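Student: Got a structure here, written out as structure tokens. Questions coming.
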Amino acid sequence: MTSHSKTVRLLQSLVGLLASLTIGAFAAEAEHPNIVIIFADDLGYGDLSSYGATKIKTPNIDRLAKAGMRFTDAHSAASLCSPSRYGLLTGQAPWRLHRKGNGYRLNPGQVTLGSFLQKQGYTTAAIGKWHLGYSKDWNKLPITGPLGVGFDYHFGVPSNHNDSTRAFIENHDLVGRKPGESYRIVKGKDFPEGLAKPRIEDQVDTTLTEKAVAFIRKNANTPFFLYFTPCAPHTHVTPAAKFRGTSEAGLFGDHIQELDSHVGTLLSTLDDLKLTKTTLVIFTSDNGSTPKDFKGTQGVRLNLADDSGEIRTKFKTAKADARKLGHITNGAWQDGKGYPYEGGHRIPLIARWPGHISPGTISDDTLSLTDLFATAAEIVGGDLPRDAAEDSISLLPLLLGKKQAPHEAVFILGDGKDSSIAVCSGEWKLIVRYDDKRRESYELYNLQSDPGERQNVFEKNPGITKRLATALQRAEAAGRTRP
């Protein structure tokens, strides 16, 4: 063989090696995309222009829908904030705990979507509203919370931007703690003692977005999982000054348009870093919206950067004002947050993953946000532990445009007030209510002919009622719905 032939053969080998390495790197990227979950707070099915809103414009979220898949029959794991977040992060339906209200907690070491992805080589962050518990005494450091359940970085709001803590927590400590002073919430005082910098209500989501952008930039060269949970449009309805008056639905619409702007900031960051094609972005909400204004914290003195637009008065009537202006927060669905009717748990869900999810597609498959855990696991090729994500079924076939057998039933925790579970299967929905002695009563609706759930037909359909009630009993006895 001549020296020229050897040179050619060597170059061919090098080209082949480089090609194989490139293909391998691309495959690795495809198998381990960055994953960003944007989990809005109390955003109703009818609050986005891509879901029918006409008084509110959400071009950045609409951009996600145009580039990805929009779901019309997606359900939060519960119709309240804390259990819904528990369901998403654990893949376990929160109704299994039979716990009323918002007091759900994650215990240190508990398997979560964050800890699962950590083991797959992901850097993880929980930025925003947490609402899943910290250690009790915040004057004993370290404060334990997200870093104990699978997150490498945390910057967040304990319960919501209207909670009495008036504080951010970063990793293991309060932000702005006064050195040498105890942190204490004092009844009758506007702000806690021992906190130099109380949160500024109309800047909370701006701050959270800045932290999320910094996390993405810092980890652009490694697979990352960002669980981003802004506070909008939960009360207090306190959009930043530049968004006030920008919608046709009053202050509430302005708050949603601010949320959309922050989503746009995250998407632009991915674009700038050339991460768009290698990032799965999921946008959704923790539960439906509250059609009425919440009066429980309206007496608080707001800590605002800007008082313009009569915000100190109008934040108290933001939901009512939006309705008067023609905006229906939960669309065609009855009721809202805290209740087992569709308005409480049918939520927007959009997924974008260029090269994998076909642009502009719509799915009417029924699913629960508990399914996101198994979906991520299948994407990264990791095996789910048998004792984790018990109610999570992978949506990957749906995302890739393949047919998938529908859930036999989707279970949603109802309300902390009336203790109910909803069982959805096809066009039928059974609401099982429990009294103080755990005695059951039923409501049955045909969502195809009666989407507003106005006609309870359980007495006319005893066979269907029995079938769905039995499905719930079997699921509880089995301890899982995932095969």
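Scheme for the structure tokens: letters A, B, ... for chains in order shown; per-chain residue numbers from 1; ligand numbers from 1 in order shown.
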Asp73 of chain A: which residues within 9 Å, counting only C-alpha atoms, same-chain residues fewer than 2 positions away excluded, as a PyMOL selection string?
Tutor: chain A and resi 71+75+346-349+363-368
Student: I want to know what sits within 12 Å of Val36 of chain A, based on only C-alpha atoms, with residues of the same chain fewer than 6 positions away left out; could you give that as an MDAnalysis selection string?
Tutor: chainID A and resid 114 122:127 212:213 215:216 223:229 263 266:267 270 275:276 278:284 350:353 372 376
Student: Would you give me, as a PyMOL selection string, the residues in segment 136-363 of chain A that DSSP reads as alpha helix (DSSP H)?
Tutor: chain A and resi 204-218+250-272+311-314+318-324+342-345
Student: Please determine, counting only C-alpha atoms, which residue among A:Ala214, A:Leu89, A:Leu251, A:Ala220 has the shortest atom-to-atom distance to Phe116 of chain A.
Tutor: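 Between A:Ala214, A:Leu89, A:Leu251, A:Ala220, the residue approaching Phe116 of chain A most closely is A:Leu89.
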Student: Which one is closest to Cys424 of chain A: A:Arg467, A:Arg439, A:Lys66, A:Arg301? Count only C-alpha atoms.
Tutor: A:Arg467
Student: I need the residues of segment 89-311 of chain A that end up classed as strand (DSSP E) by DSSP on the backbone, written out as a list in words.
Tutor: Thr123, Thr124, Ala125, Ala126, Ile127, Gly128, Lys129, Tyr153, His154, Phe155, Gly156, Val157, Ile169, Glu170, Asp173, Leu174, Phe224, Phe225, Leu226, Tyr227, Phe228, Thr229, Thr279, Leu280, Val281, Ile282, Phe283, Thr284 and Ser285 of chain A
Student: Output C-alpha atoms for every residue in the selection just made, as a PDB file, in the first residue's frame.
Tutor:
```
ATOM      1  CA  THR A 123     -28.461  19.014  37.402  1.00  0.00           C
ATOM      2  CA  THR A 124     -31.781  19.938  38.992  1.00  0.00           C
ATOM      3  CA  ALA A 125     -33.409  23.111  40.287  1.00  0.00           C
ATOM      4  CA  ALA A 126     -36.699  23.989  41.974  1.00  0.00           C
ATOM      5  CA  ILE A 127     -37.278  27.697  41.446  1.00  0.00           C
ATOM      6  CA  GLY A 128     -40.521  29.333  42.519  1.00  0.00           C
ATOM      7  CA  LYS A 129     -43.421  28.352  44.720  1.00  0.00           C
ATOM      8  CA  TYR A 153     -30.495  24.335  43.720  1.00  0.00           C
ATOM      9  CA  HIS A 154     -33.541  26.031  45.191  1.00  0.00           C
ATOM     10  CA  PHE A 155     -34.763  29.590  45.223  1.00  0.00           C
ATOM     11  CA  GLY A 156     -38.352  29.951  46.150  1.00  0.00           C
ATOM     12  CA  VAL A 157     -41.458  31.091  47.896  1.00  0.00           C
ATOM     13  CA  ILE A 169     -35.670  30.839  50.716  1.00  0.00           C
ATOM     14  CA  GLU A 170     -32.467  30.067  48.853  1.00  0.00           C
ATOM     15  CA  ASP A 173     -31.622  29.707  54.450  1.00  0.00           C
ATOM     16  CA  LEU A 174     -33.847  32.760  54.269  1.00  0.00           C
ATOM     17  CA  PHE A 224     -30.570  20.010  33.404  1.00  0.00           C
ATOM     18  CA  PHE A 225     -34.052  19.744  34.881  1.00  0.00           C
ATOM     19  CA  LEU A 226     -35.748  23.012  35.801  1.00  0.00           C
ATOM     20  CA  TYR A 227     -38.947  22.828  37.833  1.00  0.00           C
ATOM     21  CA  PHE A 228     -40.077  26.449  37.477  1.00  0.00           C
ATOM     22  CA  THR A 229     -43.142  27.453  39.465  1.00  0.00           C
ATOM     23  CA  THR A 279     -34.920  20.945  25.448  1.00  0.00           C
ATOM     24  CA  LEU A 280     -38.340  19.536  26.254  1.00  0.00           C
ATOM     25  CA  VAL A 281     -40.497  22.389  27.557  1.00  0.00           C
ATOM     26  CA  ILE A 282     -43.773  21.618  29.302  1.00  0.00           C
ATOM     27  CA  PHE A 283     -46.140  24.409  30.286  1.00  0.00           C
ATOM     28  CA  THR A 284     -49.112  23.713  32.543  1.00  0.00           C
ATOM     29  CA  SER A 285     -50.954  24.765  35.721  1.00  0.00           C
TER      30      SER A 285
END
```
Student: At what distance in Å, to one decimal, does atom CA of Lys403 of chain A lie from atom CA of Glu476 of chain A?
Tutor: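 Taking atom CA of Glu476 of chain A and atom CA of Lys403 of chain A, their separation equals 27.5 Å.
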Student: Find the residues of segment 231-306 of chain A that sit at most 8 Å from segment 313-336 of chain A; for each, write down the nearest two atoms and how far apart they are in Å, to one decimal. Count only C-alpha atoms. Sort by chain, then by number going up, and give it as CSV.
Tutor:
```
residue,atom,partner,partner_atom,distance
A:His236,CA,A:Phe315,CA,6.6
A:Val237,CA,A:Phe315,CA,5.4
A:Thr238,CA,A:Phe315,CA,6.5
A:Glu248,CA,A:Leu325,CA,7.2
A:Ala249,CA,A:Ala322,CA,4.6
A:Gly250,CA,A:Ala322,CA,5.6
A:Leu251,CA,A:Ala318,CA,5.6
A:Phe252,CA,A:Ala318,CA,5.3
A:Gly253,CA,A:Ala322,CA,7.0
A:Gly288,CA,A:Gly336,CA,5.3
A:Ser289,CA,A:Gly336,CA,5.4
A:Thr290,CA,A:Gly336,CA,5.2
A:Pro291,CA,A:Lys319,CA,6.3
A:Lys292,CA,A:Lys319,CA,5.7
A:Asp293,CA,A:Lys319,CA,5.4
A:Phe294,CA,A:Lys316,CA,7.8
A:Lys295,CA,A:Lys316,CA,7.3
A:Gln298,CA,A:Lys316,CA,6.2
```
Student: In terms of the shortest atom-to-atom distance over only C-alpha atoms, which of A:Ser159, A:Thr269, A:Ser394, A:Thr72 is closest to Arg105 of chain A?
Tutor: A:Ser159
Student: One decimal, in Å: what's the spacing between atom CA of Ile37 of chain A and atom CA of Arg70 of chain A?
Tutor: 14.6 Å
Student: Which of these residues is nearest to Ala422 of chain A, using only C-alpha atoms: A:Ile311, A:Ala469, A:Leu398, A:Leu64?
Tutor: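 For Ala422 of chain A, the nearest of the candidates is A:Ala469.
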Student: Nearest to Asp47 of chain A among A:Gly87, A:Pro146, A:Gly180, A:Pro233, with distances taken over only C-alpha atoms: which residue is it?
Tutor: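 Using only C-alpha atoms, Asp47 of chain A sits closest to A:Pro233.
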Student: Could you work out how far atom CA of Leu208 of chain A lies from atom CA of Lys178 of chain A, giving the answer in Å with one decimal?
Tutor: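 Separating atom CA of Lys178 of chain A from atom CA of Leu208 of chain A is a distance of 21.7 Å.
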Student: Using only C-alpha atoms, can you tell me which of A:Val149, A:Ile35, A:Leu141, A:Leu400 comes closest to Tyr86 of chain A?
Tutor: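 Of the candidates, the smallest distance to Tyr86 of chain A is held by A:Val149.
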